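Next comes target_13.txt, with compact mmCIF, C-alpha atoms.
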```txt
# COMPACT_ATOMS: atom_id res chain seq x y z
CA MET A 12 15.40 35.96 3.69
CA SER A 13 17.50 32.87 4.39
CA THR A 14 18.89 30.65 1.66
CA GLY A 15 16.74 27.80 3.01
CA LYS A 16 13.53 29.79 2.75
CA GLN A 17 14.50 31.01 -0.71
CA ALA A 18 14.94 27.41 -1.82
CA VAL A 19 11.51 26.42 -0.47
CA HIS A 20 9.85 29.37 -2.19
CA GLU A 21 11.61 28.56 -5.46
CA ILE A 22 10.54 24.91 -5.47
CA ALA A 23 7.01 25.87 -4.41
CA ARG A 24 6.91 28.27 -7.37
CA LEU A 25 8.04 25.50 -9.72
CA TYR A 26 5.31 23.23 -8.34
CA ARG A 27 2.78 26.00 -8.84
CA ASP A 28 3.90 26.78 -12.39
CA HIS A 29 4.91 23.36 -13.70
CA VAL A 30 3.73 20.47 -11.48
CA ASN A 31 0.53 20.81 -9.44
CA PRO A 32 -0.38 24.04 -7.59
CA ASP A 33 -2.93 22.43 -5.27
CA LEU A 34 -0.55 19.61 -4.33
CA ALA A 35 2.07 22.10 -3.19
CA ARG A 36 -0.56 23.89 -1.11
CA VAL A 37 -1.74 20.67 0.56
CA ILE A 38 1.82 19.62 1.43
CA ARG A 39 2.52 22.99 3.03
CA ILE A 40 -0.75 22.96 5.00
CA THR A 41 0.14 19.59 6.54
CA GLY A 42 3.30 21.08 7.98
CA LEU A 43 5.66 19.37 5.55
CA GLY A 44 6.21 22.38 3.31
CA THR A 45 9.95 21.81 3.19
CA LEU A 46 12.31 20.12 0.74
CA GLU A 47 13.23 16.46 1.08
CA ASP A 48 16.98 16.02 0.78
CA GLN A 49 18.09 12.58 1.95
CA ALA A 50 16.86 9.53 3.81
CA GLU A 51 18.16 6.42 5.51
CA GLY A 52 16.49 3.71 7.54
CA VAL A 53 13.40 5.09 9.24
CA ARG A 54 14.43 8.75 8.90
CA VAL A 55 14.16 11.53 6.35
CA TRP A 56 16.13 14.81 6.40
CA ASP A 57 15.06 18.06 4.79
CA HIS A 58 17.28 20.58 3.02
CA GLU A 59 18.18 22.24 6.31
CA GLY A 60 19.17 19.00 7.99
CA VAL A 61 16.02 18.67 10.08
CA GLU A 62 15.37 15.00 10.91
CA TYR A 63 11.95 13.32 10.66
CA LEU A 64 10.80 9.89 11.82
CA ASP A 65 8.92 8.26 8.94
CA MET A 66 5.77 6.58 10.25
CA ALA A 67 4.10 6.65 6.82
CA GLY A 68 6.69 4.51 5.06
CA GLY A 69 5.78 5.66 1.56
CA TYR A 70 2.29 4.13 2.00
CA GLY A 71 3.93 0.74 2.45
CA MET A 72 6.79 1.18 -0.04
CA PHE A 73 9.63 1.46 2.48
CA SER A 74 9.23 -1.89 4.23
CA LEU A 75 13.01 -2.22 4.43
CA GLY A 76 13.41 1.45 5.29
CA HIS A 77 14.96 4.11 3.11
CA ARG A 78 18.05 3.30 1.06
CA HIS A 79 18.64 -0.19 2.42
CA PRO A 80 22.34 -0.82 1.70
CA GLU A 81 21.90 -4.33 0.30
CA VAL A 82 19.19 -3.26 -2.13
CA VAL A 83 21.17 -0.19 -3.17
CA GLN A 84 24.25 -2.36 -3.75
CA ALA A 85 22.29 -4.92 -5.78
CA VAL A 86 20.92 -2.15 -7.99
CA ALA A 87 24.34 -0.50 -8.32
CA ASP A 88 25.93 -3.79 -9.35
CA GLN A 89 23.23 -4.37 -11.95
CA LEU A 90 23.52 -0.76 -13.17
CA HIS A 91 27.15 -1.32 -14.09
CA ARG A 92 26.33 -4.64 -15.75
CA MET A 93 23.08 -4.04 -17.69
CA PRO A 94 20.57 -1.45 -16.48
CA MET A 95 17.82 -2.01 -19.06
CA SER A 96 16.80 -5.13 -20.94
CA ALA A 97 17.36 -5.54 -24.67
CA LYS A 98 14.02 -7.44 -24.61
CA VAL A 99 15.18 -10.07 -27.11
CA PHE A 100 17.19 -12.37 -24.79
CA LEU A 101 16.23 -14.35 -21.72
CA SER A 102 16.63 -12.26 -18.56
CA PRO A 103 18.35 -14.20 -15.74
CA VAL A 104 17.50 -11.69 -13.03
CA MET A 105 13.80 -11.58 -14.00
CA ALA A 106 13.58 -15.38 -14.14
CA ARG A 107 15.17 -15.69 -10.70
CA LEU A 108 12.83 -13.13 -9.18
CA ALA A 109 9.79 -14.93 -10.63
CA ALA A 110 11.03 -18.21 -9.17
CA ALA A 111 11.70 -16.61 -5.78
CA LEU A 112 8.17 -15.20 -5.67
CA ALA A 113 6.69 -18.58 -6.62
CA GLU A 114 8.59 -20.18 -3.75
CA ILE A 115 7.01 -17.91 -1.11
CA ALA A 116 3.60 -17.26 -2.68
CA PRO A 117 0.47 -18.90 -1.29
CA GLY A 118 -1.13 -21.81 -3.08
CA ASP A 119 -0.29 -22.53 -6.70
CA LEU A 120 0.80 -19.05 -7.77
CA GLN A 121 3.60 -20.26 -10.02
CA TYR A 122 3.99 -17.56 -12.66
CA ALA A 123 4.80 -13.84 -12.60
CA PHE A 124 4.40 -10.92 -14.97
CA PHE A 125 6.40 -7.80 -14.07
CA CYS A 126 5.40 -4.19 -14.60
CA ASN A 127 6.20 -0.85 -12.97
CA SER A 128 3.50 -0.11 -10.38
CA GLY A 129 0.51 -1.39 -8.48
CA THR A 130 -1.90 0.29 -10.87
CA GLU A 131 -0.26 -1.45 -13.83
CA ALA A 132 -0.44 -4.77 -11.98
CA VAL A 133 -4.16 -4.30 -11.38
CA GLU A 134 -4.76 -3.38 -15.04
CA GLY A 135 -2.88 -6.46 -16.17
CA ALA A 136 -4.75 -8.70 -13.74
CA LEU A 137 -8.12 -7.44 -14.98
CA LYS A 138 -7.09 -8.11 -18.57
CA LEU A 139 -5.75 -11.55 -17.70
CA ALA A 140 -8.92 -12.48 -15.79
CA ARG A 141 -11.00 -11.62 -18.85
CA LEU A 142 -8.65 -13.54 -21.11
CA ALA A 143 -8.56 -16.64 -18.91
CA THR A 144 -12.30 -16.87 -18.29
CA GLY A 145 -13.75 -15.49 -21.51
CA ARG A 146 -15.96 -13.30 -19.33
CA THR A 147 -16.15 -9.52 -19.09
CA ASN A 148 -17.49 -8.38 -15.71
CA PHE A 149 -15.98 -7.77 -12.27
CA VAL A 150 -17.15 -7.41 -8.70
CA ALA A 151 -15.31 -5.10 -6.32
CA THR A 152 -16.03 -3.61 -2.90
CA HIS A 153 -17.06 -0.23 -1.52
CA GLY A 154 -14.09 1.63 -0.06
CA ALA A 155 -11.59 -0.31 -2.17
CA PHE A 156 -8.57 1.28 -3.80
CA HIS A 157 -6.96 -0.37 -6.80
CA GLY A 158 -5.23 2.57 -8.48
CA LYS A 159 -6.17 5.58 -10.58
CA SER A 160 -5.94 4.25 -14.13
CA THR A 161 -9.28 3.77 -15.85
CA GLY A 162 -9.47 0.06 -15.05
CA GLY A 163 -8.18 0.55 -11.52
CA LEU A 164 -10.68 3.35 -10.93
CA ALA A 165 -13.51 1.22 -12.29
CA VAL A 166 -12.96 -1.34 -9.53
CA SER A 167 -12.09 1.21 -6.82
CA GLY A 168 -14.73 2.28 -4.37
CA ARG A 169 -14.53 6.03 -3.81
CA PRO A 170 -17.02 7.93 -6.02
CA GLY A 171 -15.08 11.19 -5.77
CA TYR A 172 -12.20 9.73 -7.74
CA ARG A 173 -14.40 7.82 -10.17
CA GLU A 174 -17.10 10.27 -11.19
CA PRO A 175 -14.94 12.85 -13.05
CA PHE A 176 -13.78 10.11 -15.44
CA GLN A 177 -17.05 8.34 -16.21
CA PRO A 178 -17.75 6.31 -18.21
CA LEU A 179 -15.11 3.89 -16.96
CA MET A 180 -14.75 0.20 -17.75
CA PRO A 181 -18.29 -1.22 -17.89
CA GLY A 182 -19.55 -4.32 -16.14
CA VAL A 183 -18.32 -3.56 -12.62
CA GLU A 184 -20.52 -3.92 -9.55
CA HIS A 185 -19.58 -2.83 -6.04
CA VAL A 186 -20.75 -4.55 -2.86
CA PRO A 187 -20.02 -3.86 0.82
CA PHE A 188 -16.66 -5.19 2.01
CA GLY A 189 -17.26 -8.17 4.27
CA ASP A 190 -20.79 -8.96 3.02
CA LEU A 191 -20.79 -12.46 1.52
CA GLU A 192 -24.52 -12.49 0.87
CA ALA A 193 -24.31 -9.34 -1.24
CA LEU A 194 -21.34 -10.77 -3.10
CA GLU A 195 -23.03 -14.05 -3.93
CA GLN A 196 -26.04 -12.22 -5.35
CA VAL A 197 -23.99 -10.36 -7.98
CA VAL A 198 -21.38 -12.94 -9.03
CA GLY A 199 -22.84 -14.51 -12.14
CA PRO A 200 -22.05 -16.27 -15.41
CA GLU A 201 -20.44 -13.10 -16.86
CA THR A 202 -18.21 -12.42 -13.84
CA ALA A 203 -14.56 -12.78 -14.76
CA GLY A 204 -13.28 -12.02 -11.30
CA VAL A 205 -13.79 -10.67 -7.80
CA ILE A 206 -11.04 -8.22 -6.84
CA LEU A 207 -10.45 -7.12 -3.27
CA GLU A 208 -7.83 -6.22 -0.69
CA PRO A 209 -7.45 -8.59 2.28
CA ILE A 210 -7.15 -5.43 4.35
CA GLN A 211 -8.57 -2.26 2.86
CA GLY A 212 -5.72 0.22 3.08
CA GLU A 213 -6.97 3.47 1.60
CA GLY A 214 -10.47 2.55 2.76
CA GLY A 215 -9.40 3.07 6.36
CA ILE A 216 -7.41 -0.04 7.43
CA HIS A 217 -10.37 -2.41 7.52
CA LEU A 218 -9.60 -6.10 8.05
CA ALA A 219 -11.55 -8.81 6.31
CA PRO A 220 -14.04 -10.26 8.83
CA ASP A 221 -13.47 -13.83 9.99
CA GLY A 222 -14.58 -16.28 7.32
CA TYR A 223 -15.01 -13.60 4.66
CA LEU A 224 -12.05 -14.35 2.41
CA GLN A 225 -12.73 -18.07 2.68
CA GLY A 226 -16.31 -17.36 1.61
CA VAL A 227 -15.13 -15.25 -1.32
CA ARG A 228 -12.89 -18.12 -2.41
CA GLU A 229 -15.81 -20.55 -2.27
CA ILE A 230 -18.13 -18.27 -4.23
CA CYS A 231 -15.54 -17.70 -6.93
CA THR A 232 -14.80 -21.41 -7.24
CA SER A 233 -18.45 -22.41 -7.39
CA LYS A 234 -19.31 -19.79 -10.02
CA GLY A 235 -16.22 -20.04 -12.19
CA ALA A 236 -14.90 -16.56 -11.42
CA LEU A 237 -11.31 -15.78 -10.48
CA MET A 238 -10.36 -14.46 -7.05
CA VAL A 239 -7.96 -11.54 -7.46
CA ALA A 240 -6.13 -10.50 -4.28
CA ASP A 241 -4.74 -6.96 -4.33
CA GLU A 242 -1.70 -7.11 -2.04
CA VAL A 243 -0.04 -3.97 -3.37
CA GLN A 244 -0.08 -2.46 0.11
CA THR A 245 -0.38 -5.55 2.32
CA GLY A 246 2.14 -7.80 0.58
CA LEU A 247 5.65 -8.83 1.62
CA GLY A 248 5.56 -8.81 5.39
CA ARG A 249 3.57 -5.66 6.13
CA THR A 250 0.81 -7.46 8.05
CA GLY A 251 2.99 -9.98 9.88
CA ARG A 252 2.85 -12.66 7.18
CA MET A 253 4.57 -12.57 3.82
CA PHE A 254 1.13 -12.17 2.22
CA ALA A 255 -1.99 -11.03 4.03
CA VAL A 256 -4.18 -13.79 2.56
CA GLN A 257 -2.06 -16.26 4.52
CA HIS A 258 -3.67 -15.06 7.75
CA TRP A 259 -6.89 -16.61 6.48
CA GLU A 260 -5.28 -19.54 4.60
CA VAL A 261 -6.77 -18.44 1.28
CA GLU A 262 -5.28 -19.18 -2.14
CA PRO A 263 -6.26 -16.66 -4.84
CA ASP A 264 -6.07 -17.25 -8.58
CA LEU A 265 -4.27 -13.95 -9.16
CA LEU A 266 -2.33 -11.79 -6.73
CA VAL A 267 -0.92 -8.34 -7.45
CA LEU A 268 2.13 -6.81 -5.78
CA ALA A 269 4.12 -3.58 -5.96
CA LYS A 270 5.25 -1.00 -3.35
CA ALA A 271 7.53 -3.05 -1.05
CA LEU A 272 8.81 -5.33 -3.82
CA GLY A 273 11.31 -2.71 -4.98
CA GLY A 274 12.84 -2.39 -1.53
CA GLY A 275 12.18 1.35 -1.50
CA VAL A 276 14.79 1.79 -4.24
CA MET A 277 13.17 0.82 -7.58
CA PRO A 278 9.58 0.89 -8.87
CA ILE A 279 8.24 -2.56 -9.70
CA GLY A 280 4.88 -4.30 -9.80
CA ALA A 281 3.99 -7.93 -10.33
CA ILE A 282 1.04 -10.15 -11.17
CA LEU A 283 1.27 -13.66 -9.77
CA GLY A 284 -0.96 -16.35 -11.26
CA THR A 285 -1.69 -20.05 -11.28
CA PRO A 286 -0.84 -22.39 -14.17
CA GLU A 287 -4.55 -22.61 -14.99
CA VAL A 288 -4.83 -18.86 -15.41
CA TRP A 289 -1.53 -18.62 -17.28
CA LYS A 290 -2.88 -20.93 -19.98
CA ALA A 291 -4.43 -17.77 -21.38
CA PHE A 292 -0.98 -16.80 -22.72
CA ARG A 293 -0.67 -19.96 -24.85
CA GLY A 294 -0.25 -19.12 -28.50
CA ARG A 295 -0.16 -15.37 -27.72
CA PRO A 296 2.87 -14.72 -25.50
CA LEU A 297 3.01 -11.02 -26.42
CA ILE A 298 -0.64 -10.19 -25.83
CA HIS A 299 0.28 -8.20 -22.70
CA THR A 300 3.73 -6.62 -22.46
CA SER A 301 5.62 -3.75 -20.85
CA THR A 302 8.73 -2.05 -22.23
CA PHE A 303 10.11 -1.17 -18.81
CA GLY A 304 8.42 -3.93 -16.81
CA GLY A 305 10.81 -6.48 -15.35
CA SER A 306 13.84 -4.29 -15.95
CA PRO A 307 17.13 -5.75 -14.67
CA LEU A 308 17.47 -2.92 -12.14
CA ALA A 309 13.99 -3.44 -10.71
CA CYS A 310 14.33 -7.22 -10.58
CA ALA A 311 17.72 -6.95 -8.86
CA ALA A 312 16.06 -4.76 -6.23
CA GLY A 313 13.23 -7.27 -5.89
CA LEU A 314 15.59 -10.21 -5.36
CA ALA A 315 17.59 -8.34 -2.73
CA THR A 316 14.36 -7.30 -1.00
CA LEU A 317 13.08 -10.86 -0.73
CA GLN A 318 16.43 -12.01 0.65
CA VAL A 319 16.44 -9.35 3.36
CA LEU A 320 12.80 -9.94 4.30
CA SER A 321 13.41 -13.66 4.75
CA ARG A 322 16.84 -13.55 6.37
CA ASP A 323 15.94 -10.83 8.88
CA ARG A 324 12.52 -12.36 9.56
CA LEU A 325 10.86 -9.00 9.02
CA PRO A 326 7.29 -10.36 8.72
CA GLU A 327 7.65 -11.88 12.19
CA ARG A 328 9.12 -8.63 13.44
CA ALA A 329 6.19 -6.69 11.98
CA ALA A 330 3.77 -9.01 13.77
CA ALA A 331 5.43 -8.53 17.17
CA GLU A 332 6.08 -4.79 16.98
CA GLY A 333 2.71 -4.16 15.37
CA ALA A 334 0.84 -5.98 18.13
CA TRP A 335 2.67 -3.92 20.74
CA PHE A 336 2.06 -0.64 18.89
CA LEU A 337 -1.62 -1.43 18.35
CA GLY A 338 -2.02 -2.05 22.07
CA ARG A 339 -0.50 1.34 22.82
CA LEU A 340 -2.69 3.04 20.21
CA ARG A 341 -5.75 1.56 21.88
CA GLU A 342 -4.59 3.09 25.15
CA VAL A 343 -4.41 6.45 23.36
CA VAL A 344 -7.99 5.94 22.18
CA ALA A 345 -9.14 5.13 25.71
CA ARG A 346 -7.56 8.34 27.02
CA ASN A 347 -8.97 10.51 24.25
CA PRO A 348 -12.46 9.27 23.37
CA ASP A 349 -13.59 12.71 22.24
CA ILE A 350 -11.03 12.73 19.41
CA CYS A 351 -10.11 9.07 18.83
CA ALA A 352 -12.73 6.46 17.93
CA GLU A 353 -10.80 3.25 17.27
CA ALA A 354 -7.37 1.78 16.58
CA ARG A 355 -7.17 -1.28 14.32
CA GLY A 356 -4.96 -3.17 11.92
CA LEU A 357 -2.58 -6.06 11.60
CA GLY A 358 1.19 -6.14 11.82
CA LEU A 359 2.60 -2.73 10.98
CA MET A 360 -0.41 -1.70 8.93
CA LEU A 361 -2.38 0.23 11.52
CA GLY A 362 -5.03 2.91 11.50
CA LEU A 363 -6.28 5.39 14.09
CA GLU A 364 -9.85 6.43 13.32
CA LEU A 365 -10.87 9.83 14.63
CA THR A 366 -14.32 10.87 15.77
CA GLU A 367 -14.39 13.72 13.23
CA GLU A 368 -12.59 14.23 9.93
CA ARG A 369 -11.60 17.79 10.86
CA PHE A 370 -9.17 16.50 13.51
CA GLY A 371 -7.02 14.61 11.02
CA GLY A 372 -5.30 17.54 9.36
CA SER A 373 -4.54 19.13 12.71
CA ILE A 374 -3.01 15.99 14.21
CA ILE A 375 -0.91 15.22 11.11
CA SER A 376 0.33 18.81 10.98
CA GLU A 377 1.14 18.84 14.69
CA MET A 378 3.03 15.56 14.35
CA ALA A 379 5.03 17.06 11.50
CA HIS A 380 5.97 19.97 13.76
CA ARG A 381 7.23 17.32 16.19
CA ARG A 382 9.26 15.75 13.40
CA VAL A 383 7.11 12.66 12.85
CA ILE A 384 5.62 11.92 9.43
CA ALA A 385 2.08 10.55 9.37
CA VAL A 386 -0.65 10.55 6.71
CA TYR A 387 -4.34 9.72 6.41
CA THR A 388 -5.92 7.00 4.28
CA LEU A 389 -6.91 8.21 0.84
CA ASN A 390 -10.54 7.07 0.79
CA GLN A 391 -11.15 7.87 4.45
CA PRO A 392 -9.45 11.07 5.69
CA ARG A 393 -10.77 10.39 9.19
CA VAL A 394 -8.23 7.60 9.59
CA ILE A 395 -4.54 8.29 10.27
CA ARG A 396 -2.40 5.41 9.10
CA PHE A 397 0.85 4.12 10.56
CA GLU A 398 2.94 2.03 8.15
CA PRO A 399 6.55 2.55 9.24
CA PRO A 400 9.43 0.49 7.87
CA LEU A 401 9.37 -3.05 9.26
CA THR A 402 12.80 -2.29 10.70
CA VAL A 403 11.44 0.40 13.04
CA SER A 404 12.68 0.12 16.64
CA ARG A 405 10.58 0.05 19.78
CA GLN A 406 12.25 3.29 20.81
CA ASP A 407 11.12 4.99 17.62
CA LEU A 408 7.59 3.69 18.09
CA GLU A 409 7.66 5.27 21.55
CA LEU A 410 8.74 8.58 19.98
CA ALA A 411 5.84 8.37 17.55
CA LEU A 412 3.39 7.75 20.39
CA GLU A 413 4.72 10.74 22.32
CA ALA A 414 4.30 12.95 19.26
CA LEU A 415 0.79 11.60 18.69
CA GLU A 416 -0.34 12.25 22.27
CA ALA A 417 1.10 15.79 22.20
CA SER A 418 -0.58 16.44 18.86
CA ILE A 419 -3.94 15.25 20.15
CA LEU A 420 -3.57 17.55 23.15
CA ARG A 421 -2.76 20.48 20.89
CA THR A 422 -5.68 19.61 18.60
CA ARG A 423 -8.01 19.68 21.58
CA GLU A 424 -6.77 23.18 22.35
CA VAL A 425 -7.13 24.33 18.74
CA PHE A 426 -10.73 23.19 18.60
CA SER A 427 -11.46 24.42 22.14
CA LEU A 428 -12.53 21.00 23.36
CA SER A 429 -12.84 20.26 27.04
CA THR A 430 -10.07 18.21 28.63
CA ILE A 431 -11.10 14.62 29.27
CA SER A 432 -10.40 13.46 32.81
CA PRO A 433 -9.09 9.92 33.46
CA GLN A 434 -12.41 9.10 35.12
CA GLU A 435 -14.36 10.22 32.05
CA ALA A 436 -12.06 8.31 29.71
```
Written form, structure tokens:
Amino acid sequence: MSTGKQAVHEIARLYRDHVNPDLARVIRITGLGTLEDQAEGVRVWDHEGVEYLDMAGGYGMFSLGHRHPEVVQAVADQLHRMPMSAKVFLSPVMARLAAALAEIAPGDLQYAFFCNSGTEAVEGALKLARLATGRTNFVATHGAFHGKSTGGLAVSGRPGYREPFQPLMPGVEHVPFGDLEALEQVVGPETAGVILEPIQGEGGIHLAPDGYLQGVREICTSKGALMVADEVQTGLGRTGRMFAVQHWEVEPDLLVLAKALGGGVMPIGAILGTPEVWKAFRGRPLIHTSTFGGSPLACAAGLATLQVLSRDRLPERAAAEGAWFLGRLREVVARNPDICAEARGLGLMLGLELTEERFGGSIISEMAHRRVIAVYTLNQPRVIRFEPPLTVSRQDLELALEALEASILRTREVFSLSTISPQEA
């Protein structure tokens, strides 16, 4: 047995005995049962030096790619200066990051609270909405994903994740995404907020219909509820604008961020809010805190990330490359209607919906064998997502398409499906 195989078996055993046995099994089934070793840009290498093109992008975390040198340097500089906050002085790096976010945020989102993840940001936003309005209830949408903490699960929309942990936070109603009439019927005098994603990521890359977010804003304003935009996955250039709500010219009361904010180097989440909402902190500045939230290392990464995004015009790049890639994906759908149902998305947040869920695992595994990383959306395994770094080249997108087409062909063979002729397609 080779040293490489011994290493894989050893780590798999440690997963089985000390981490999560089923997770190790799932990773190996998808064709990625190897050991990650290093990464740079849009590529990941395993322990044997095999190179993979990353078209998953850490579910939106690696917007700048892996190990962006400027973010790494900013974190290294801060590490040697002051890695963690003493929590009793004013933090210059946190203050500057908050100001930088206020400068680019939509509407009147002037203030920021920093935490460590998207789930924490959602939890904090739910608490803050209750505090600011004096109300208790929330409205969320079917298919939504807002994290796996108890509050995040309460407003998420996949029963399979929610049911084992019932009862969750009470007072939450779910309505269909995109249905304004259903929303208006349930937003009432006890509704603290309406929380939704401008584009449902884990729900299958579903865009808000035209006029929907504007309608949500109007309903919230008229009924005194807060509009909470979850941009954990869509935020910071992913969709072709710095924030996805800007496509629809909507200004939420609260907006939550994470994933891309750390530049793929540090974990960080943030809640952005208006002065009106932030009044809730008056007289009780420590009512919601985080020991590690807003650490100097994380904030240094966030500042460097914002600088690179703006200077290199990565949102604009995502819009252009994403439009081209979406067009090519739609050609793949047209050639393979028995396996592919639809391609959709915005910027470099794209989804390929399959005609049957059983095809997803095969295609992802076959792409892994061709050294391209792809994953499905968590709430809808029938949809393969493509969220590569915003720095991805056209040449690499071509490589991904070649791997996808070959994997679809192999999947057709595995399931003994008839070949589709050009005339039939």
One residue among A:Gly235, A:Pro32, A:Gly154, A:Gly294 is nearest to Gly214 in chain A when using all atoms listed in the file, and that residue is A:Gly154
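The shortest atom-to-atom distance to Ala331 in chain A, with all atoms listed in the file taken into account, belongs to A:Arg249 out of A:Arg421, A:Arg249, A:His20, A:His77.
In this structure, CA of Ser306 in chain A sits 7.3 Å away from CA of Pro94 in chain A.
Nearest to Trp259 in chain A of all the residues A:Pro278, A:Ala354, A:Trp289, A:Gly222 is A:Gly222, counting all atoms listed in the file.
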Work out how far apart CA of Gly275 in chain A and CA of Pro80 in chain A are and give it in Å to one decimal. 10.9 Å
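Closest approach to Gly274 in chain A from the set A:Gln84, A:Gln196, A:Thr45, A:Gln225 is made by A:Gln84, with distances taken over all atoms listed in the file.
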Shell around Glu368 in chain A at 8 Å using only C-alpha atoms, local window under 3 positions removed, as a ChimeraX atom specification: /A:365,371,392-394
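If you measure from each of A:Pro103, A:Gly189, A:Pro400, A:Gly60 to Thr152 in chain A using only C-alpha atoms, the closest one turns out to be A:Gly189.
In terms of minimum interatomic distance to Met180 in chain A, A:Gly162 ranks closest within A:Gly168, A:Pro348, A:Gly162, A:Gly358, counting all atoms listed in the file.
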For the point (-11.8, -11.5, -20.2) in file coordinates, what residues are within 12 Å, counting all atoms listed in the file? Give the answer as number ranges by chain? A: 134-149, 182, 201-204, 236-237, 288, 291
List as a PDB file with C-alpha atoms, keeping the file's coordinate frame the protein and nucleic acid residues near Gly304 in chain A, meaning an atom at most 7 Å away when all atoms listed in the file are counted, but skip any in the same chain fewer than 3 places from it.
```pdb
ATOM      1  CA  PHE A 125       6.400  -7.800 -14.070  1.00  0.00           C
ATOM      2  CA  CYS A 126       5.400  -4.190 -14.600  1.00  0.00           C
ATOM      3  CA  ASN A 127       6.200  -0.850 -12.970  1.00  0.00           C
ATOM      4  CA  SER A 301       5.620  -3.750 -20.850  1.00  0.00           C
TER       5      SER A 301
END
```
Could you add N, CA and C atoms to range 392-406 of chain A and give me the result as a PDB file, keeping the file's coordinate frame?
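The result, stored in result09.pdb:
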```pdb
ATOM      1  N   PRO A 392     -10.342  10.116   5.028  1.00  0.00           N
ATOM      2  CA  PRO A 392      -9.450  11.070   5.690  1.00  0.00           C
ATOM      3  C   PRO A 392      -9.601  11.118   7.214  1.00  0.00           C
ATOM      4  N   ARG A 393     -10.597  10.432   7.745  1.00  0.00           N
ATOM      5  CA  ARG A 393     -10.770  10.390   9.190  1.00  0.00           C
ATOM      6  C   ARG A 393      -9.826   9.401   9.862  1.00  0.00           C
ATOM      7  N   VAL A 394      -9.112   8.625   9.056  1.00  0.00           N
ATOM      8  CA  VAL A 394      -8.230   7.600   9.590  1.00  0.00           C
ATOM      9  C   VAL A 394      -6.766   7.966   9.321  1.00  0.00           C
ATOM     10  N   ILE A 395      -5.982   8.094  10.395  1.00  0.00           N
ATOM     11  CA  ILE A 395      -4.540   8.290  10.270  1.00  0.00           C
ATOM     12  C   ILE A 395      -3.876   6.925  10.240  1.00  0.00           C
ATOM     13  N   ARG A 396      -3.048   6.716   9.237  1.00  0.00           N
ATOM     14  CA  ARG A 396      -2.400   5.410   9.100  1.00  0.00           C
ATOM     15  C   ARG A 396      -0.975   5.447   9.644  1.00  0.00           C
ATOM     16  N   PHE A 397      -0.538   4.293  10.132  1.00  0.00           N
ATOM     17  CA  PHE A 397       0.850   4.120  10.560  1.00  0.00           C
ATOM     18  C   PHE A 397       1.399   2.887   9.851  1.00  0.00           C
ATOM     19  N   GLU A 398       2.305   3.117   8.901  1.00  0.00           N
ATOM     20  CA  GLU A 398       2.940   2.030   8.150  1.00  0.00           C
ATOM     21  C   GLU A 398       4.444   2.284   8.094  1.00  0.00           C
ATOM     22  N   PRO A 399       5.108   2.274   9.230  1.00  0.00           N
ATOM     23  CA  PRO A 399       6.550   2.550   9.240  1.00  0.00           C
ATOM     24  C   PRO A 399       7.330   1.403   8.613  1.00  0.00           C
ATOM     25  N   PRO A 400       8.594   1.613   8.311  1.00  0.00           N
ATOM     26  CA  PRO A 400       9.430   0.490   7.870  1.00  0.00           C
ATOM     27  C   PRO A 400       9.354  -0.660   8.876  1.00  0.00           C
ATOM     28  N   LEU A 401       9.447  -1.875   8.380  1.00  0.00           N
ATOM     29  CA  LEU A 401       9.370  -3.050   9.260  1.00  0.00           C
ATOM     30  C   LEU A 401      10.592  -3.145  10.157  1.00  0.00           C
ATOM     31  N   THR A 402      11.580  -2.329   9.894  1.00  0.00           N
ATOM     32  CA  THR A 402      12.800  -2.290  10.700  1.00  0.00           C
ATOM     33  C   THR A 402      12.708  -1.302  11.855  1.00  0.00           C
ATOM     34  N   VAL A 403      11.583  -0.637  12.016  1.00  0.00           N
ATOM     35  CA  VAL A 403      11.440   0.400  13.040  1.00  0.00           C
ATOM     36  C   VAL A 403      11.699  -0.180  14.432  1.00  0.00           C
ATOM     37  N   SER A 404      12.366   0.590  15.286  1.00  0.00           N
ATOM     38  CA  SER A 404      12.680   0.120  16.640  1.00  0.00           C
ATOM     39  C   SER A 404      11.556   0.452  17.609  1.00  0.00           C
ATOM     40  N   ARG A 405      11.555  -0.241  18.728  1.00  0.00           N
ATOM     41  CA  ARG A 405      10.580   0.050  19.780  1.00  0.00           C
ATOM     42  C   ARG A 405      10.749   1.479  20.285  1.00  0.00           C
ATOM     43  N   GLN A 406      11.989   1.926  20.362  1.00  0.00           N
ATOM     44  CA  GLN A 406      12.250   3.290  20.810  1.00  0.00           C
ATOM     45  C   GLN A 406      11.627   4.309  19.871  1.00  0.00           C
TER      46      GLN A 406
END
```
